[in-house]
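J.: Have a peek at protein04.cif (mmCIF, C-alpha atoms).
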```cif
data_target
#
loop_
_atom_site.label_atom_id
_atom_site.label_comp_id
_atom_site.auth_asym_id
_atom_site.auth_seq_id
_atom_site.Cartn_x
_atom_site.Cartn_y
_atom_site.Cartn_z
CA MET H 3 42.59 -34.85 45.65
CA THR H 4 41.46 -33.55 49.06
CA GLN H 5 37.93 -34.13 50.37
CA ALA H 6 37.12 -30.46 49.80
CA GLY H 7 38.50 -30.64 46.27
CA LEU H 8 36.45 -33.74 45.56
CA ARG H 9 33.28 -32.05 46.78
CA GLU H 10 33.95 -28.99 44.62
CA SER H 11 34.64 -31.17 41.57
CA LYS H 12 31.37 -33.05 42.15
CA ARG H 13 29.49 -29.77 42.59
CA GLU H 14 30.88 -28.43 39.30
CA ALA H 15 29.96 -31.65 37.48
CA THR H 16 26.39 -31.42 38.78
CA ALA H 17 26.11 -27.77 37.74
CA HIS H 18 27.39 -28.57 34.25
CA ALA H 19 24.99 -31.51 33.87
CA LEU H 20 22.02 -29.34 34.86
CA ALA H 21 23.14 -26.55 32.53
CA GLN H 22 23.57 -28.94 29.62
CA ALA H 23 20.12 -30.44 30.24
CA ALA H 24 18.54 -26.97 30.29
CA PHE H 25 20.37 -25.99 27.11
CA ASP H 26 19.29 -29.19 25.31
CA LEU H 27 15.66 -28.58 26.29
CA ALA H 28 15.85 -24.94 25.17
CA ARG H 29 17.19 -26.04 21.79
CA THR H 30 14.48 -28.64 21.20
CA ARG H 31 11.44 -27.06 22.88
CA GLY H 32 12.23 -23.36 23.08
CA LEU H 33 12.73 -21.56 26.37
CA ASN H 34 8.99 -21.51 27.12
CA GLY H 35 8.53 -25.20 26.36
CA PHE H 36 9.86 -26.66 29.60
CA VAL H 37 10.03 -26.06 33.36
CA ILE H 38 12.66 -26.62 36.03
CA ASP H 39 11.29 -30.06 36.88
CA ASP H 40 11.97 -31.12 33.27
CA VAL H 41 15.59 -29.97 33.59
CA ALA H 42 16.12 -31.80 36.88
CA GLU H 43 14.56 -35.00 35.53
CA ARG H 44 16.59 -34.91 32.32
CA ALA H 45 19.85 -34.44 34.25
CA GLY H 46 18.93 -37.08 36.85
CA TYR H 47 18.73 -34.75 39.85
CA SER H 48 16.05 -33.34 42.12
CA ARG H 49 14.44 -29.91 41.88
CA ARG H 50 16.13 -29.08 45.18
CA THR H 51 19.54 -29.87 43.68
CA PHE H 52 18.72 -27.59 40.76
CA ALA H 53 17.85 -24.79 43.22
CA ASN H 54 21.22 -25.25 44.92
CA HIS H 55 22.93 -24.29 41.67
CA TYR H 56 20.63 -21.99 39.68
CA SER H 57 17.94 -19.47 40.46
CA CYS H 58 15.95 -20.25 37.30
CA LYS H 59 16.11 -22.18 34.03
CA GLU H 60 17.45 -19.11 32.20
CA ALA H 61 20.49 -19.00 34.48
CA ALA H 62 21.19 -22.65 33.73
CA VAL H 63 20.87 -22.22 29.96
CA ALA H 64 23.16 -19.19 29.97
CA SER H 65 25.87 -20.87 32.01
CA VAL H 66 26.41 -23.70 29.51
CA ALA H 67 27.71 -21.27 26.90
CA TYR H 68 30.83 -20.34 28.80
CA ALA H 69 32.00 -23.69 30.13
CA SER H 70 34.79 -23.66 27.54
CA MET H 71 35.86 -20.17 28.59
CA GLU H 72 36.17 -21.45 32.15
CA ALA H 73 38.36 -24.27 30.87
CA ALA H 74 40.43 -21.74 28.93
CA THR H 75 41.15 -19.65 32.00
CA SER H 76 42.13 -22.81 33.90
CA ALA H 77 44.49 -23.77 31.08
CA LEU H 78 46.34 -20.46 31.56
CA GLU H 79 47.68 -21.80 34.84
CA GLU H 80 49.55 -24.54 32.96
CA VAL H 81 51.46 -22.09 30.77
CA SER H 82 55.16 -21.57 31.48
CA ASP H 83 56.17 -18.29 33.13
CA ALA H 84 58.66 -17.78 30.31
CA VAL H 85 55.87 -17.42 27.71
CA PRO H 86 54.66 -13.83 27.12
CA LEU H 87 51.12 -13.42 28.45
CA LEU H 88 49.78 -12.37 25.05
CA ASP H 89 51.19 -15.51 23.38
CA ALA H 90 49.87 -17.69 26.20
CA THR H 91 46.39 -16.21 25.85
CA GLN H 92 46.33 -16.76 22.09
CA THR H 93 47.50 -20.36 22.43
CA VAL H 94 44.88 -21.16 25.05
CA LEU H 95 42.09 -19.60 22.99
CA ARG H 96 43.02 -21.63 19.93
CA LEU H 97 42.96 -24.81 22.00
CA GLN H 98 39.75 -24.10 23.90
CA LEU H 99 37.51 -22.33 21.37
CA THR H 100 36.62 -25.52 19.58
CA THR H 101 33.95 -25.88 16.91
CA ALA H 102 31.52 -27.29 19.48
CA ALA H 103 32.22 -24.58 22.05
CA LEU H 104 31.82 -21.71 19.58
CA SER H 105 28.65 -23.21 18.17
CA ARG H 106 27.18 -23.59 21.67
CA MET H 107 28.03 -19.99 22.57
CA ARG H 108 26.44 -18.62 19.43
CA GLU H 109 23.33 -20.73 19.95
CA VAL H 110 22.83 -19.31 23.44
CA MET H 111 23.19 -15.77 22.11
CA THR H 112 20.69 -16.53 19.35
CA LEU H 113 18.27 -17.91 21.94
CA ALA H 114 18.71 -14.73 23.99
CA ARG H 115 17.61 -12.62 21.03
CA SER H 116 14.43 -14.70 20.76
CA TYR H 117 13.78 -14.83 24.51
CA PRO H 118 14.54 -11.50 26.24
CA SER H 119 14.29 -13.11 29.70
CA LEU H 120 17.53 -14.95 28.89
CA GLU H 121 19.56 -11.83 28.02
CA PRO H 122 20.39 -10.59 31.55
CA HIS H 123 21.58 -14.06 32.51
CA VAL H 124 23.87 -14.25 29.46
CA HIS H 125 25.31 -10.83 30.36
CA HIS H 126 25.76 -11.91 33.99
CA VAL H 127 27.66 -15.05 32.97
CA GLN H 128 29.83 -13.04 30.55
CA HIS H 129 30.67 -10.56 33.30
CA ARG H 130 31.42 -13.28 35.87
CA MET H 131 33.64 -15.21 33.47
CA ARG H 132 35.57 -12.13 32.45
CA LEU H 133 36.25 -11.20 36.08
CA GLU H 134 37.37 -14.75 36.85
CA ALA H 135 39.60 -14.84 33.77
CA GLU H 136 41.15 -11.51 34.72
CA GLN H 137 41.94 -12.76 38.23
CA ARG H 138 43.59 -15.87 36.82
CA MET H 139 45.54 -13.86 34.26
CA LEU H 140 46.80 -11.60 37.06
CA ALA H 141 47.99 -14.68 38.93
CA VAL H 142 49.76 -15.99 35.82
CA ALA H 143 51.30 -12.57 35.16
CA ALA H 144 52.74 -12.75 38.71
CA GLY H 145 53.95 -9.18 38.77
CA ARG H 146 55.61 -9.40 35.33
CA TYR H 147 52.94 -7.14 33.82
CA PRO H 148 51.13 -4.06 35.16
CA THR H 149 47.58 -4.69 36.37
CA LEU H 150 46.28 -2.24 33.77
CA TYR H 151 47.89 -4.25 30.94
CA VAL H 152 46.27 -7.48 32.14
CA SER H 153 42.87 -5.79 32.51
CA LEU H 154 43.03 -4.27 29.02
CA LEU H 155 44.19 -7.54 27.46
CA CYS H 156 41.38 -9.48 29.12
CA GLY H 157 38.80 -6.91 28.02
CA ALA H 158 40.07 -6.92 24.44
CA VAL H 159 40.06 -10.71 24.18
CA TYR H 160 36.57 -11.11 25.63
CA GLY H 161 35.31 -8.25 23.48
CA MET H 162 36.76 -9.94 20.39
CA VAL H 163 35.02 -13.23 21.12
CA SER H 164 31.70 -11.52 21.90
CA ALA H 165 31.82 -9.40 18.74
CA ALA H 166 32.20 -12.52 16.60
CA LEU H 167 29.52 -14.48 18.41
CA GLU H 168 27.00 -11.63 18.38
CA GLY H 169 27.50 -11.05 14.68
CA LEU H 170 28.88 -7.54 15.14
CA VAL H 171 31.68 -8.52 12.76
CA ASP H 172 31.18 -10.84 9.80
CA VAL H 173 33.06 -13.90 11.00
CA ARG H 174 32.39 -17.46 9.87
CA LEU H 175 32.67 -19.80 12.84
CA PRO H 176 33.89 -23.38 12.38
CA GLY H 177 31.05 -25.49 11.05
CA ASP H 178 29.25 -22.49 9.53
CA SER H 179 28.40 -23.49 5.95
CA SER H 180 26.66 -20.25 4.96
CA ARG H 181 27.96 -18.59 1.81
CA ARG H 182 29.05 -15.09 2.69
CA PRO H 183 31.92 -14.11 0.38
CA ASN H 184 33.16 -11.31 2.63
CA ALA H 185 33.03 -13.28 5.87
CA MET H 186 36.36 -13.84 7.65
CA GLU H 187 37.21 -17.31 8.91
CA PHE H 188 37.40 -17.41 12.70
CA ASP H 189 41.07 -18.49 12.77
CA ASP H 190 41.99 -15.58 10.49
CA TYR H 191 39.95 -13.24 12.67
CA LEU H 192 41.76 -14.45 15.77
CA SER H 193 45.15 -13.94 14.09
CA ASP H 194 44.15 -10.45 12.99
CA VAL H 195 42.99 -9.48 16.48
CA PHE H 196 46.23 -10.60 18.10
CA LYS H 197 48.25 -8.84 15.39
CA HIS H 198 46.53 -5.58 16.40
CA LEU H 199 47.10 -6.33 20.08
CA ARG H 200 50.82 -6.77 19.38
CA THR H 201 51.34 -3.81 17.07
CA GLY H 202 48.65 -1.35 18.09
CA PHE H 203 45.80 0.23 16.16
#
```
Would you mind writing the structure in this file as structure tokens?
T.:
Amino acid sequence: MTQAGLRESKREATAHALAQAAFDLARTRGLNGFVIDDVAERAGYSRRTFANHYSCKEAAVASVAYASMEAATSALEEVSDAVPLLDATQTVLRLQLTTAALSRMREVMTLARSYPSLEPHVHHVQHRMRLEAEQRMLAVAAGRYPTLYVSLLCGAVYGMVSAALEGLVDVRLPGDSSRRPNAMEFDDYLSDVFKHLRTGF
């Protein structure tokens, strides 16, 4: 790894550690129960280091939710060019949307409903991650698909995940033990969504 690559990797690790610390504190104390100094101390960094990565504690909490989505977009780059983009996207989602990742995302969205100051930061992270994913999907598509197709596919996939996490559709995430007889299991939901993407509505 080059020196620049090493620095970037270290920077990302620091950002993730700070985000995880902020998320853990929000879960245990509530968003109003801690300050930035608490986040920095818990993660083992200075307040100045925190400020180099996040503008406020809300930004840090929000960013932890989509770490797995970032990993998913990175995983797209490892997919063979021979695999249709739709199949590649479905495979990556199944690998990356783990029980822990889905649970973390839903928790952040639940926190945002309780603490309105968190909402714009969640929306900002969603928007940033979608744009990044779309750019990576365009690179993977490498001219094999029209730009419009890639943009629509990315929007549909992110919309599907958000709808499940926000409770707009009755989907039971892995680890959800609630008894809702009409709730669809997440894996079945994912299969259904990609069936519609393949065959139309």
J.: Starting from the PyMOL selection byres ((chain H and resi 154-156) around 8), expand the selection into actual residues of this file and give them as an mmCIF file with C-alpha atoms, in the frame of the given file.
T.:
```cif
data_model
loop_
_atom_site.group_PDB
_atom_site.id
_atom_site.type_symbol
_atom_site.label_atom_id
_atom_site.label_comp_id
_atom_site.auth_asym_id
_atom_site.auth_seq_id
_atom_site.Cartn_x
_atom_site.Cartn_y
_atom_site.Cartn_z
ATOM 1 C CA LEU H 88 49.780 -12.370 25.050
ATOM 2 C CA ARG H 132 35.570 -12.130 32.450
ATOM 3 C CA ALA H 135 39.600 -14.840 33.770
ATOM 4 C CA GLU H 136 41.150 -11.510 34.720
ATOM 5 C CA MET H 139 45.540 -13.860 34.260
ATOM 6 C CA LEU H 150 46.280 -2.240 33.770
ATOM 7 C CA TYR H 151 47.890 -4.250 30.940
ATOM 8 C CA VAL H 152 46.270 -7.480 32.140
ATOM 9 C CA SER H 153 42.870 -5.790 32.510
ATOM 10 C CA GLY H 157 38.800 -6.910 28.020
ATOM 11 C CA ALA H 158 40.070 -6.920 24.440
ATOM 12 C CA VAL H 159 40.060 -10.710 24.180
ATOM 13 C CA TYR H 160 36.570 -11.110 25.630
#
```
J.: Show me, as a VMD selection string, the residues that have an atom within 7 Å of H:His123 when counting all atoms listed in the file, minus same-chain residues fewer than 3 positions from it.
T.: chain H and resid 60 to 61 64 120 126 to 127
J.: Using only C-alpha atoms, determine which residues lie at most 7 Å from stretch 167-179 of chain H, disregarding the query and same-chain residues fewer than 6 positions distant; provide the list as a list in words.
T.: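 Neighbouring residues, sequence-local ones excluded: Thr101, Arg108, Met111, Ala185, Met186, Glu187 and Phe188 of chain H.
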J.: Would you compute the distance between atom CA of H:Asp189 and atom CA of H:Arg96? Give it in Å to one decimal.
T.: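 We find that atom CA of H:Asp189 and atom CA of H:Arg96 lie 8.1 Å from each other.
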J.: In terms of the shortest atom-to-atom distance over all atoms listed in the file, which of H:Ala144, H:Met162, H:Val66, H:Leu20 is closest to H:Ala103?
T.: H:Val66
